[in-house]
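*Asks:* Got a structure for you, my_file14.pdb, holding PDB, C-alpha atoms and all ligand atoms.
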ATOM      1  CA  MET P   1       9.249  20.151 -24.414
ATOM      2  CA  THR P   2      12.869  19.738 -23.430
ATOM      3  CA  SER P   3      14.529  18.554 -20.263
ATOM      4  CA  LEU P   4      15.632  22.148 -19.683
ATOM      5  CA  THR P   5      12.078  23.459 -19.238
ATOM      6  CA  LYS P   6      11.857  25.295 -15.930
ATOM      7  CA  PRO P   7       8.527  24.826 -14.193
ATOM      8  CA  GLU P   8       7.512  27.499 -11.701
ATOM      9  CA  VAL P   9       7.560  25.872  -8.282
ATOM     10  CA  THR P  10       5.886  27.271  -5.161
ATOM     11  CA  GLY P  11       6.295  25.595  -1.775
ATOM     12  CA  PHE P  12       3.653  25.691   0.989
ATOM     13  CA  PHE P  13       5.166  24.718   4.342
ATOM     14  CA  ASP P  14       3.117  23.069   7.086
ATOM     15  CA  GLU P  15       4.950  23.671  10.326
ATOM     16  CA  ALA P  16       2.808  21.170  12.279
ATOM     17  CA  THR P  17       4.126  18.232  10.225
ATOM     18  CA  ASN P  18       7.212  19.806   8.599
ATOM     19  CA  THR P  19       5.710  18.933   5.221
ATOM     20  CA  VAL P  20       6.154  20.920   2.035
ATOM     21  CA  THR P  21       3.321  20.867  -0.510
ATOM     22  CA  PHE P  22       4.541  21.917  -3.948
ATOM     23  CA  LEU P  23       2.606  23.611  -6.686
ATOM     24  CA  VAL P  24       4.282  23.013 -10.047
ATOM     25  CA  LYS P  25       3.187  25.331 -12.849
ATOM     26  CA  ASP P  26       3.779  25.168 -16.581
ATOM     27  CA  PRO P  27       5.344  28.532 -17.531
ATOM     28  CA  ALA P  28       3.641  28.337 -20.944
ATOM     29  CA  SER P  29       0.040  27.813 -19.743
ATOM     30  CA  ASN P  30      -2.179  27.830 -16.662
ATOM     31  CA  ALA P  31      -1.696  24.109 -16.091
ATOM     32  CA  CYS P  32      -0.308  22.974 -12.760
ATOM     33  CA  ALA P  33       0.130  19.991 -10.477
ATOM     34  CA  ILE P  34       0.053  19.748  -6.691
ATOM     35  CA  VAL P  35       2.532  17.436  -4.955
ATOM     36  CA  ASP P  36       1.972  16.049  -1.431
ATOM     37  CA  SER P  37      -0.926  18.035  -0.008
ATOM     38  CA  VAL P  38      -1.773  18.160   3.713
ATOM     39  CA  LEU P  39      -5.059  17.717   5.577
ATOM     40  CA  ASP P  40      -4.519  19.165   9.052
ATOM     41  CA  PHE P  41      -5.312  16.729  11.849
ATOM     42  CA  ASP P  42      -5.282  17.274  15.581
ATOM     43  CA  TYR P  43      -4.882  13.799  17.044
ATOM     44  CA  SER P  44      -5.854  14.769  20.606
ATOM     45  CA  SER P  45      -9.284  15.988  19.526
ATOM     46  CA  GLY P  46      -9.690  13.791  16.430
ATOM     47  CA  ARG P  47     -10.497  16.913  14.410
ATOM     48  CA  THR P  48      -9.497  17.680  10.847
ATOM     49  CA  ASP P  49      -8.928  21.159   9.462
ATOM     50  CA  THR P  50      -8.394  22.347   5.911
ATOM     51  CA  LYS P  51      -6.288  25.444   6.513
ATOM     52  CA  SER P  52      -3.213  24.039   4.744
ATOM     53  CA  ALA P  53      -5.176  22.744   1.748
ATOM     54  CA  ASP P  54      -7.261  25.934   1.553
ATOM     55  CA  ALA P  55      -4.078  28.005   1.170
ATOM     56  CA  VAL P  56      -3.143  25.966  -1.914
ATOM     57  CA  ILE P  57      -6.696  26.123  -3.278
ATOM     58  CA  ALA P  58      -6.800  29.903  -2.783
ATOM     59  CA  TYR P  59      -3.503  30.263  -4.656
ATOM     60  CA  VAL P  60      -4.792  28.156  -7.560
ATOM     61  CA  LYS P  61      -8.019  30.174  -7.772
ATOM     62  CA  ASP P  62      -6.261  33.513  -7.396
ATOM     63  CA  LYS P  63      -3.897  32.765 -10.289
ATOM     64  CA  GLY P  64      -6.607  31.137 -12.414
ATOM     65  CA  LEU P  65      -4.700  27.853 -12.645
ATOM     66  CA  SER P  66      -5.993  24.549 -13.884
ATOM     67  CA  VAL P  67      -5.004  21.534 -11.750
ATOM     68  CA  GLU P  68      -4.139  18.542 -13.900
ATOM     69  CA  TRP P  69      -2.585  16.310 -11.244
ATOM     70  CA  ILE P  70      -2.664  15.845  -7.488
ATOM     71  CA  LEU P  71       0.429  13.718  -6.940
ATOM     72  CA  GLU P  72       1.608  11.734  -3.946
ATOM     73  CA  THR P  73       5.277  10.785  -3.700
ATOM     74  CA  HIS P  74       4.258   7.948  -1.328
ATOM     75  CA  VAL P  75       1.888   6.890   1.453
ATOM     76  CA  HIS P  76       2.955   9.394   4.078
ATOM     77  CA  ALA P  77       3.228   8.385   7.714
ATOM     78  CA  ASP P  78       3.411  11.852   9.207
ATOM     79  CA  HIS P  79       0.490  13.753   7.732
ATOM     80  CA  LEU P  80      -2.878  13.067   6.156
ATOM     81  CA  SER P  81      -3.294  13.771   2.446
ATOM     82  CA  ALA P  82      -5.828  16.389   1.375
ATOM     83  CA  ALA P  83      -5.964  15.002  -2.181
ATOM     84  CA  PRO P  84      -9.720  14.203  -2.249
ATOM     85  CA  TYR P  85     -10.629  17.510  -0.587
ATOM     86  CA  ILE P  86      -8.598  19.434  -3.163
ATOM     87  CA  GLN P  87      -9.877  17.321  -6.066
ATOM     88  CA  GLN P  88     -13.475  17.962  -5.096
ATOM     89  CA  ARG P  89     -12.915  21.716  -5.153
ATOM     90  CA  ILE P  90     -10.522  22.333  -8.030
ATOM     91  CA  GLY P  91     -10.146  19.038  -9.900
ATOM     92  CA  GLY P  92      -7.054  17.071 -10.909
ATOM     93  CA  LYS P  93      -6.293  13.366 -11.114
ATOM     94  CA  ILE P  94      -4.816  11.719  -8.009
ATOM     95  CA  GLY P  95      -1.654   9.734  -8.769
ATOM     96  CA  ILE P  96       0.729   7.532  -6.776
ATOM     97  CA  GLY P  97       3.186   4.687  -7.465
ATOM     98  CA  ASP P  98       1.754   1.341  -8.541
ATOM     99  CA  ARG P  99       3.557  -0.408  -5.671
ATOM    100  CA  ILE P 100       0.858   1.151  -3.465
ATOM    101  CA  THR P 101      -0.646  -2.335  -3.644
ATOM    102  CA  VAL P 102       2.251  -3.637  -1.519
ATOM    103  CA  VAL P 103       1.667  -0.863   1.023
ATOM    104  CA  GLN P 104      -2.100  -1.540   1.037
ATOM    105  CA  ASN P 105      -1.473  -5.232   1.683
ATOM    106  CA  THR P 106       0.940  -4.548   4.533
ATOM    107  CA  PHE P 107      -1.244  -2.005   6.316
ATOM    108  CA  GLY P 108      -4.505  -3.696   5.379
ATOM    109  CA  LYS P 109      -3.247  -6.554   7.576
ATOM    110  CA  ILE P 110      -1.901  -4.343  10.376
ATOM    111  CA  PHE P 111      -5.229  -2.478  10.630
ATOM    112  CA  ASN P 112      -7.213  -5.687  10.099
ATOM    113  CA  GLU P 113      -9.231  -4.142   7.276
ATOM    114  CA  GLY P 114     -11.950  -6.346   5.883
ATOM    115  CA  THR P 115     -12.280  -7.511   2.303
ATOM    116  CA  GLU P 116     -14.116  -4.277   1.479
ATOM    117  CA  PHE P 117     -10.749  -2.525   1.624
ATOM    118  CA  GLN P 118      -9.463  -2.912  -1.934
ATOM    119  CA  ARG P 119      -5.722  -3.542  -2.130
ATOM    120  CA  ASP P 120      -5.428  -2.930  -5.877
ATOM    121  CA  GLY P 121      -4.791   0.827  -5.811
ATOM    122  CA  SER P 122      -8.243   1.477  -7.292
ATOM    123  CA  GLN P 123      -8.844   4.371  -4.865
ATOM    124  CA  PHE P 124      -6.383   6.408  -6.973
ATOM    125  CA  ASP P 125      -6.992   7.774 -10.489
ATOM    126  CA  LYS P 126      -3.532   6.856 -11.782
ATOM    127  CA  LEU P 127      -0.906   4.338 -10.712
ATOM    128  CA  PHE P 128       2.530   5.292 -12.055
ATOM    129  CA  GLN P 129       5.373   2.958 -12.930
ATOM    130  CA  GLU P 130       9.082   3.589 -13.445
ATOM    131  CA  GLY P 131       9.586   5.471 -16.694
ATOM    132  CA  ASP P 132       5.987   6.631 -17.106
ATOM    133  CA  ARG P 133       5.493  10.070 -18.654
ATOM    134  CA  PHE P 134       2.708  12.531 -17.932
ATOM    135  CA  ALA P 135       1.855  16.062 -19.003
ATOM    136  CA  ILE P 136       1.256  19.251 -17.032
ATOM    137  CA  GLY P 137       0.184  21.507 -19.902
ATOM    138  CA  SER P 138       3.255  21.640 -22.138
ATOM    139  CA  LEU P 139       5.544  20.337 -19.386
ATOM    140  CA  GLU P 140       6.545  16.712 -19.482
ATOM    141  CA  GLY P 141       6.777  14.794 -16.234
ATOM    142  CA  ARG P 142       8.740  11.589 -15.833
ATOM    143  CA  VAL P 143       8.446   9.011 -13.084
ATOM    144  CA  LEU P 144      11.346   7.393 -11.226
ATOM    145  CA  HIS P 145      10.589   4.559  -8.818
ATOM    146  CA  THR P 146      12.734   5.417  -5.782
ATOM    147  CA  PRO P 147      11.814   2.953  -3.003
ATOM    148  CA  GLY P 148      13.591   2.469   0.307
ATOM    149  CA  HIS P 149      11.728   4.800   2.668
ATOM    150  CA  THR P 150       8.620   2.871   1.527
ATOM    151  CA  PRO P 151       8.200   0.321  -1.292
ATOM    152  CA  ALA P 152       6.042   2.667  -3.393
ATOM    153  CA  CYS P 153       8.051   5.914  -3.230
ATOM    154  CA  LEU P 154       8.301   7.870  -6.470
ATOM    155  CA  THR P 155      10.333  10.830  -7.645
ATOM    156  CA  TYR P 156       8.528  13.056 -10.132
ATOM    157  CA  VAL P 157      10.928  14.769 -12.553
ATOM    158  CA  VAL P 158       9.349  17.757 -14.303
ATOM    159  CA  GLY P 159      11.707  19.700 -16.579
ATOM    160  CA  ASP P 160      14.698  20.693 -14.435
ATOM    161  CA  ALA P 161      12.847  19.993 -11.156
ATOM    162  CA  ALA P 162      12.734  16.728  -9.196
ATOM    163  CA  PHE P 163      10.217  16.127  -6.412
ATOM    164  CA  VAL P 164      11.957  13.483  -4.344
ATOM    165  CA  GLY P 165       9.483  13.090  -1.462
ATOM    166  CA  ASP P 166      11.242  11.497   1.508
ATOM    167  CA  THR P 167      14.310  10.021  -0.167
ATOM    168  CA  LEU P 168      16.737  12.898   0.229
ATOM    169  CA  PHE P 169      16.239  15.797   2.617
ATOM    170  CA  MET P 170      18.266  19.021   2.546
ATOM    171  CA  PRO P 171      22.002  18.225   2.326
ATOM    172  CA  ASP P 172      22.602  19.334   5.941
ATOM    173  CA  PHE P 173      19.833  17.032   7.225
ATOM    174  CA  GLY P 174      20.456  13.887   5.187
ATOM    175  CA  THR P 175      17.974  11.193   4.231
ATOM    176  CA  ALA P 176      14.682   9.613   5.278
ATOM    177  CA  ARG P 177      14.228   6.747   7.717
ATOM    178  CA  CYS P 178      13.878   3.236   6.333
ATOM    179  CA  ASP P 179      12.393   1.383   9.302
ATOM    180  CA  PHE P 180       8.700   1.436   8.432
ATOM    181  CA  PRO P 181       7.235  -1.905   7.272
ATOM    182  CA  GLY P 182       8.567  -2.522   3.752
ATOM    183  CA  GLY P 183      11.406   0.014   4.102
ATOM    184  CA  SER P 184      15.020  -0.842   3.283
ATOM    185  CA  ALA P 185      18.213   1.170   3.710
ATOM    186  CA  GLU P 186      19.958  -0.831   0.925
ATOM    187  CA  THR P 187      17.117   0.010  -1.421
ATOM    188  CA  LEU P 188      17.116   3.678  -0.414
ATOM    189  CA  PHE P 189      20.850   3.880  -1.134
ATOM    190  CA  ALA P 190      20.256   2.566  -4.666
ATOM    191  CA  SER P 191      17.339   4.982  -5.194
ATOM    192  CA  ILE P 192      19.472   7.932  -4.084
ATOM    193  CA  GLN P 193      22.176   6.927  -6.571
ATOM    194  CA  LYS P 194      19.483   6.906  -9.251
ATOM    195  CA  ILE P 195      18.348  10.448  -8.337
ATOM    196  CA  LEU P 196      21.953  11.640  -8.321
ATOM    197  CA  THR P 197      22.393  10.560 -11.955
ATOM    198  CA  LEU P 198      20.083  13.446 -12.944
ATOM    199  CA  PRO P 199      21.970  16.476 -14.338
ATOM    200  CA  ASP P 200      23.931  18.374 -11.658
ATOM    201  CA  GLU P 201      21.839  21.530 -12.124
ATOM    202  CA  THR P 202      18.545  19.676 -11.499
ATOM    203  CA  ARG P 203      16.583  21.452  -8.780
ATOM    204  CA  ILE P 204      15.679  19.031  -5.996
ATOM    205  CA  PHE P 205      12.566  19.757  -3.947
ATOM    206  CA  VAL P 206      12.414  17.801  -0.681
ATOM    207  CA  GLY P 207       9.165  16.720   0.964
ATOM    208  CA  HIS P 208      10.034  17.748   4.522
ATOM    209  CA  ASP P 209      12.375  20.039   6.353
ATOM    210  CA  TYR P 210      13.271  20.045  10.027
ATOM    211  CA  LYS P 211      15.997  22.746  10.087
ATOM    212  CA  ALA P 212      19.364  21.095  10.585
ATOM    213  CA  PRO P 213      21.327  22.104  13.693
ATOM    214  CA  GLY P 214      22.749  25.556  13.083
ATOM    215  CA  ARG P 215      20.205  26.494  10.420
ATOM    216  CA  GLU P 216      17.570  29.070  11.406
ATOM    217  CA  THR P 217      15.134  28.862   8.524
ATOM    218  CA  TYR P 218      13.133  26.125   6.828
ATOM    219  CA  SER P 219      14.363  25.272   3.385
ATOM    220  CA  TRP P 220      13.312  22.779   0.717
ATOM    221  CA  GLU P 221      15.141  23.504  -2.515
ATOM    222  CA  THR P 222      18.614  22.283  -3.400
ATOM    223  CA  THR P 223      20.336  20.740  -6.438
ATOM    224  CA  VAL P 224      21.789  17.419  -7.478
ATOM    225  CA  ALA P 225      25.275  18.994  -7.379
ATOM    226  CA  GLU P 226      24.767  20.190  -3.776
ATOM    227  CA  GLN P 227      23.430  16.804  -2.697
ATOM    228  CA  LYS P 228      26.430  15.039  -4.218
ATOM    229  CA  ALA P 229      28.880  17.459  -2.615
ATOM    230  CA  CYS P 230      27.330  18.007   0.818
ATOM    231  CA  ASN P 231      24.640  15.493   1.844
ATOM    232  CA  VAL P 232      25.661  14.517   5.355
ATOM    233  CA  HIS P 233      24.352  10.953   5.018
ATOM    234  CA  VAL P 234      25.371  10.211   1.454
ATOM    235  CA  GLY P 235      28.639  11.983   0.604
ATOM    236  CA  GLY P 236      31.584   9.604   0.439
ATOM    237  CA  ARG P 237      29.733   6.673   2.045
ATOM    238  CA  SER P 238      29.732   3.188   0.546
ATOM    239  CA  GLN P 239      26.452   1.285   0.518
ATOM    240  CA  GLU P 240      27.571  -0.712   3.576
ATOM    241  CA  GLU P 241      28.493   2.434   5.489
ATOM    242  CA  PHE P 242      25.220   4.123   4.547
ATOM    243  CA  VAL P 243      23.128   1.131   5.620
ATOM    244  CA  ALA P 244      24.958   0.845   8.959
ATOM    245  CA  MET P 245      24.495   4.584   9.632
ATOM    246  CA  ARG P 246      20.822   4.587   8.555
ATOM    247  CA  GLU P 247      19.848   1.500  10.543
ATOM    248  CA  ALA P 248      21.622   2.725  13.681
ATOM    249  CA  ARG P 249      19.930   6.119  13.408
ATOM    250  CA  ASP P 250      16.494   4.607  12.725
ATOM    251  CA  LYS P 251      16.664   2.655  15.988
ATOM    252  CA  THR P 252      16.776   5.978  17.858
ATOM    253  CA  LEU P 253      13.713   7.532  16.184
ATOM    254  CA  ALA P 254      10.229   7.611  17.721
ATOM    255  CA  MET P 255       7.241   6.848  15.487
ATOM    256  CA  PRO P 256       5.807   9.956  13.808
ATOM    257  CA  LYS P 257       2.979  11.444  15.892
ATOM    258  CA  LEU P 258       0.385  10.965  13.158
ATOM    259  CA  ILE P 259       1.492   7.601  11.761
ATOM    260  CA  ILE P 260      -1.638   5.724  12.876
ATOM    261  CA  PRO P 261      -4.245   8.054  11.373
ATOM    262  CA  SER P 262      -2.030   8.910   8.385
ATOM    263  CA  LEU P 263      -1.601   5.347   7.165
ATOM    264  CA  GLN P 264      -5.303   4.503   7.441
ATOM    265  CA  VAL P 265      -6.276   7.577   5.457
ATOM    266  CA  ASN P 266      -3.420   7.771   2.955
ATOM    267  CA  MET P 267      -3.633   4.121   1.901
ATOM    268  CA  ARG P 268      -7.206   5.053   0.845
ATOM    269  CA  ALA P 269      -5.966   7.957  -1.308
ATOM    270  CA  GLY P 270      -6.824  10.420   1.451
ATOM    271  CA  GLN P 271     -10.345   9.137   2.153
ATOM    272  CA  MET P 272     -11.440   8.386   5.700
ATOM    273  CA  PRO P 273     -12.428   4.776   6.438
ATOM    274  CA  PRO P 274     -16.096   4.072   5.586
ATOM    275  CA  ALA P 275     -18.589   5.470   8.102
ATOM    276  CA  ASP P 276     -20.360   3.021  10.412
ATOM    277  CA  LYS P 277     -24.106   2.290  10.296
ATOM    278  CA  ASP P 278     -24.820   5.525  12.159
ATOM    279  CA  GLY P 279     -22.795   7.539   9.686
ATOM    280  CA  LYS P 280     -19.932   8.078  12.123
ATOM    281  CA  THR P 281     -16.289   7.838  11.097
ATOM    282  CA  PHE P 282     -13.641   6.201  13.273
ATOM    283  CA  LEU P 283      -9.921   5.506  13.000
ATOM    284  CA  LYS P 284      -8.352   2.480  14.700
ATOM    285  CA  VAL P 285      -5.365   2.231  16.993
ATOM    286  CA  PRO P 286      -3.664  -1.166  16.677
ATOM    287  CA  VAL P 287      -2.451  -1.929  20.188
ATOM    288  CA  ASN P 288       1.118  -3.258  19.990
ATOM    289  CA  GLY P 289       0.534  -3.746  16.283
ATOM    290  CA  LEU P 290       3.048  -1.379  14.737
TER     291      LEU P 290
HETATM  292 FE    FE P 301       7.297   9.728   4.349
END
What is this file in structure tokens?
*Replies:*
Amino acid sequence: MTSLTKPEVTGFFDEATNTVTFLVKDPASNACAIVDSVLDFDYSSGRTDTKSADAVIAYVKDKGLSVEWILETHVHADHLSAAPYIQQRIGGKIGIGDRITVVQNTFGKIFNEGTEFQRDGSQFDKLFQEGDRFAIGSLEGRVLHTPGHTPACLTYVVGDAAFVGDTLFMPDFGTARCDFPGGSAETLFASIQKILTLPDETRIFVGHDYKAPGRETYSWETTVAEQKACNVHVGGRSQEEFVAMREARDKTLAMPKLIIPSLQVNMRAGQMPPADKDGKTFLKVPVNGL
């Protein structure tokens, strides 16, 4: 196990939410991990679909892989996690950052969840802290706490690959918004500096892509060197300049289409809220609450 190990990384792109799910495979065994899975959700009809998750499951089965981890970089606000659906079918432990408790407290209040909603992260199998190590077969993973977009955001570093979630996007697109409850542009700036101390050749895999103006294709892999040289939000900016840019830009952004269902599901590790006495499942809409 050295830092130069090169995991095999496959991206699955969900065009409906611009999310990339990554499958990270140990080249020396059949062990793999899945990062940031997607449960399809059509808000207008309230219907879920498993097409995105089934594509990942089919790949795992086809290649005879063994899923050791189902990792979340953070509580996503733009898509629902398929972690429990995937776990039920092909196994793996569901992991997220231990600051999930902060996120659960914030949104537990916003959605007026009762005391039955545990805010201790116990819905997840593993709560990671800064510096934690984990194994994917013979690969060693390392955890960086990289808050700013949300308080619980993590970057998973596996060999020469870093899964940065929504901290950095492709260099021509920039960085993630910091205006959700608990977000902070100052904190994101510091987290980005931390990611950029990884070796220049580190492959960076971003959690979303939206095609920057002038780019025709979706793309999700870059390097630390490219981010340092070309990121349109980061390059050459002081912390003050970055924060001013980020906060001004955030004021112009609409809420993600799926933020209301996503938060309620993802803060429960991808589980729907408990069914009512008739066995029916509902999601809430907080009126003027977000
Ligand atoms: Fe996000």
*Asks:* Please check which protein, DNA or RNA residues sit within 7 Å of ligand FE 301 (chain P), counting all atoms listed in the file, and write them as a ChimeraX atom specification.
*Replies:* /P:74-78,149,166
*Asks:* Segment 111-117 of chain P: which residues within 8 Å, counting all atoms listed in the file, same-chain residues fewer than 3 positions away excluded, as a VMD selection string?
*Replies:* chain P and resid 107 to 108 264 284 to 286
*Asks:* Hey, can you spit out that residue selection with C-alpha atoms as a short mmCIF file (atom, residue, chain, number, x, y, z; two decimals), in the frame of the given file?
*Replies:*
data_model
loop_
_atom_site.label_atom_id
_atom_site.label_comp_id
_atom_site.auth_asym_id
_atom_site.auth_seq_id
_atom_site.Cartn_x
_atom_site.Cartn_y
_atom_site.Cartn_z
CA PHE P 107 -1.24 -2.00 6.32
CA GLY P 108 -4.50 -3.70 5.38
CA GLN P 264 -5.30 4.50 7.44
CA LYS P 284 -8.35 2.48 14.70
CA VAL P 285 -5.36 2.23 16.99
CA PRO P 286 -3.66 -1.17 16.68
#
*Asks:* Between atom CA of Gly159 of chain P and atom CA of Glu68 of chain P, what is the spacing in Å?
*Replies:*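 Pair atom CA of Glu68 of chain P / atom CA of Gly159 of chain P returns 16.1 Å.
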*Asks:* Give me, as a ChimeraX atom specification, all polymer residues having an atom no more than 8 Å from Gln227 of chain P, counting all atoms listed in the file and skipping those fewer than 3 positions away in the same chain.
*Replies:* /P:170-171,196,222-224,230-231,235
*Asks:* For the point (5.1, 20.6, -11.0) in the file's frame, write as a short mmCIF file (atom, residue, chain, number, x, y, z; two decimals) with C-alpha atoms, in the coordinates of the input all residues with an atom no more than 9 Å away, counting all atoms listed in the file.
*Replies:*
data_model
loop_
_atom_site.label_atom_id
_atom_site.label_comp_id
_atom_site.auth_asym_id
_atom_site.auth_seq_id
_atom_site.Cartn_x
_atom_site.Cartn_y
_atom_site.Cartn_z
CA PRO P 7 8.53 24.83 -14.19
CA GLU P 8 7.51 27.50 -11.70
CA VAL P 9 7.56 25.87 -8.28
CA THR P 10 5.89 27.27 -5.16
CA PHE P 22 4.54 21.92 -3.95
CA LEU P 23 2.61 23.61 -6.69
CA VAL P 24 4.28 23.01 -10.05
CA LYS P 25 3.19 25.33 -12.85
CA ASP P 26 3.78 25.17 -16.58
CA CYS P 32 -0.31 22.97 -12.76
CA ALA P 33 0.13 19.99 -10.48
CA ILE P 34 0.05 19.75 -6.69
CA VAL P 35 2.53 17.44 -4.96
CA TRP P 69 -2.58 16.31 -11.24
CA ILE P 136 1.26 19.25 -17.03
CA LEU P 139 5.54 20.34 -19.39
CA GLY P 141 6.78 14.79 -16.23
CA TYR P 156 8.53 13.06 -10.13
CA VAL P 157 10.93 14.77 -12.55
CA VAL P 158 9.35 17.76 -14.30
CA GLY P 159 11.71 19.70 -16.58
CA ALA P 161 12.85 19.99 -11.16
CA ALA P 162 12.73 16.73 -9.20
CA PHE P 163 10.22 16.13 -6.41
#
*Asks:* Kindly indicate which residue among P:Asp42, P:Asp36, P:Asp62, P:Asp276 lies nearest to Phe13 of chain P, using all atoms listed in the file for the distances.
*Replies:* P:Asp36
*Asks:* Evaluate the PyMOL selection byres (((chain P and resi 86) around 12) and not hetatm) here and jot the selected residues down as a ChimeraX atom specification.
*Replies:* /P:33-39,50-58,60-61,67-71,81-85,87-94,269-271
*Asks:* Record the distance separating atom CA of Lys251 of chain P and atom CA of Arg177 of chain P, expressed in Å with one decimal.
*Replies:*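 Computing it gives 9.5 Å between the two atoms.
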*Asks:* Please, which residues are within 8 Å of (11.6, -1.0, 2.4) by the file's coordinates, counting all atoms listed in the file, and could they come as a ChimeraX atom specification?
*Replies:* /P:147-151,178-185,187-188
*Asks:* Here's the selection I'm unsure about, the PyMOL selection byres (((chain P and resi 218) around 12) and not hetatm); applied to the file above, which residues does it give, as a JSON list (two decimals) with C-alpha atoms, keeping the file's coordinate frame?
*Replies:*
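The result, stored in result_39.json:
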[["chain", "number", "residue", "atom", "x", "y", "z"],
["P", 11, "GLY", "CA", 6.30, 25.60, -1.78],
["P", 12, "PHE", "CA", 3.65, 25.69, 0.99],
["P", 13, "PHE", "CA", 5.17, 24.72, 4.34],
["P", 14, "ASP", "CA", 3.12, 23.07, 7.09],
["P", 15, "GLU", "CA", 4.95, 23.67, 10.33],
["P", 18, "ASN", "CA", 7.21, 19.81, 8.60],
["P", 19, "THR", "CA", 5.71, 18.93, 5.22],
["P", 20, "VAL", "CA", 6.15, 20.92, 2.04],
["P", 169, "PHE", "CA", 16.24, 15.80, 2.62],
["P", 170, "MET", "CA", 18.27, 19.02, 2.55],
["P", 172, "ASP", "CA", 22.60, 19.33, 5.94],
["P", 173, "PHE", "CA", 19.83, 17.03, 7.22],
["P", 206, "VAL", "CA", 12.41, 17.80, -0.68],
["P", 207, "GLY", "CA", 9.16, 16.72, 0.96],
["P", 208, "HIS", "CA", 10.03, 17.75, 4.52],
["P", 209, "ASP", "CA", 12.38, 20.04, 6.35],
["P", 210, "TYR", "CA", 13.27, 20.05, 10.03],
["P", 211, "LYS", "CA", 16.00, 22.75, 10.09],
["P", 212, "ALA", "CA", 19.36, 21.10, 10.58],
["P", 213, "PRO", "CA", 21.33, 22.10, 13.69],
["P", 214, "GLY", "CA", 22.75, 25.56, 13.08],
["P", 215, "ARG", "CA", 20.20, 26.49, 10.42],
["P", 216, "GLU", "CA", 17.57, 29.07, 11.41],
["P", 217, "THR", "CA", 15.13, 28.86, 8.52],
["P", 219, "SER", "CA", 14.36, 25.27, 3.38],
["P", 220, "TRP", "CA", 13.31, 22.78, 0.72],
["P", 221, "GLU", "CA", 15.14, 23.50, -2.52]]
*Asks:* Using all atoms listed in the file, which of the listed residues (P:Ser45, P:Thr281, P:Ser191, P:Gln239) sits closest to Cys153 of chain P?
*Replies:*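 Closest residue, counting all atoms listed in the file: P:Ser191.
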*Asks:* Just say which residues the PyMOL selection byres (((chain P and resi 242) around 12) and not hetatm) picks in this file, as a PDB file with C-alpha atoms, keeping the file's coordinate frame.
*Replies:*
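Below is the file that was written, result.pdb:
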ATOM      1  CA  GLY P 174      20.456  13.887   5.187  1.00  0.00           C
ATOM      2  CA  THR P 175      17.974  11.193   4.231  1.00  0.00           C
ATOM      3  CA  ALA P 176      14.682   9.613   5.278  1.00  0.00           C
ATOM      4  CA  ARG P 177      14.228   6.747   7.717  1.00  0.00           C
ATOM      5  CA  CYS P 178      13.878   3.236   6.333  1.00  0.00           C
ATOM      6  CA  SER P 184      15.020  -0.842   3.283  1.00  0.00           C
ATOM      7  CA  ALA P 185      18.213   1.170   3.710  1.00  0.00           C
ATOM      8  CA  GLU P 186      19.958  -0.831   0.925  1.00  0.00           C
ATOM      9  CA  THR P 187      17.117   0.010  -1.421  1.00  0.00           C
ATOM     10  CA  LEU P 188      17.116   3.678  -0.414  1.00  0.00           C
ATOM     11  CA  PHE P 189      20.850   3.880  -1.134  1.00  0.00           C
ATOM     12  CA  ALA P 190      20.256   2.566  -4.666  1.00  0.00           C
ATOM     13  CA  ILE P 192      19.472   7.932  -4.084  1.00  0.00           C
ATOM     14  CA  GLN P 193      22.176   6.927  -6.571  1.00  0.00           C
ATOM     15  CA  ASN P 231      24.640  15.493   1.844  1.00  0.00           C
ATOM     16  CA  VAL P 232      25.661  14.517   5.355  1.00  0.00           C
ATOM     17  CA  HIS P 233      24.352  10.953   5.018  1.00  0.00           C
ATOM     18  CA  VAL P 234      25.371  10.211   1.454  1.00  0.00           C
ATOM     19  CA  GLY P 235      28.639  11.983   0.604  1.00  0.00           C
ATOM     20  CA  GLY P 236      31.584   9.604   0.439  1.00  0.00           C
ATOM     21  CA  ARG P 237      29.733   6.673   2.045  1.00  0.00           C
ATOM     22  CA  SER P 238      29.732   3.188   0.546  1.00  0.00           C
ATOM     23  CA  GLN P 239      26.452   1.285   0.518  1.00  0.00           C
ATOM     24  CA  GLU P 240      27.571  -0.712   3.576  1.00  0.00           C
ATOM     25  CA  GLU P 241      28.493   2.434   5.489  1.00  0.00           C
ATOM     26  CA  VAL P 243      23.128   1.131   5.620  1.00  0.00           C
ATOM     27  CA  ALA P 244      24.958   0.845   8.959  1.00  0.00           C
ATOM     28  CA  MET P 245      24.495   4.584   9.632  1.00  0.00           C
ATOM     29  CA  ARG P 246      20.822   4.587   8.555  1.00  0.00           C
ATOM     30  CA  GLU P 247      19.848   1.500  10.543  1.00  0.00           C
ATOM     31  CA  ALA P 248      21.622   2.725  13.681  1.00  0.00           C
ATOM     32  CA  ARG P 249      19.930   6.119  13.408  1.00  0.00           C
ATOM     33  CA  ASP P 250      16.494   4.607  12.725  1.00  0.00           C
TER      34      ASP P 250
END
*Asks:* Using all atoms listed in the file for the distances, tell me which of P:Leu144, P:Leu65, P:Val103, P:Leu263 is nearest to Ile195 of chain P.
*Replies:*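 Distance minimum relative to Ile195 of chain P lands on P:Leu144.
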*Asks:* Please determine, counting all atoms listed in the file, which residue among P:Met267, P:Ala16, P:Leu258, P:Lys280 has the shortest atom-to-atom distance to Arg119 of chain P.
*Replies:*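 Between P:Met267, P:Ala16, P:Leu258, P:Lys280, the residue approaching Arg119 of chain P most closely is P:Met267.
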*Asks:* Need the shell around Pro199 of chain P: protein/DNA/RNA residues with any atom at most 9 Å away, counting all atoms listed in the file. Skip same-chain ones fewer than 2 positions apart. Format as a PyMOL selection string?
*Replies:* chain P and resi 160+196-197+201-202+224-225
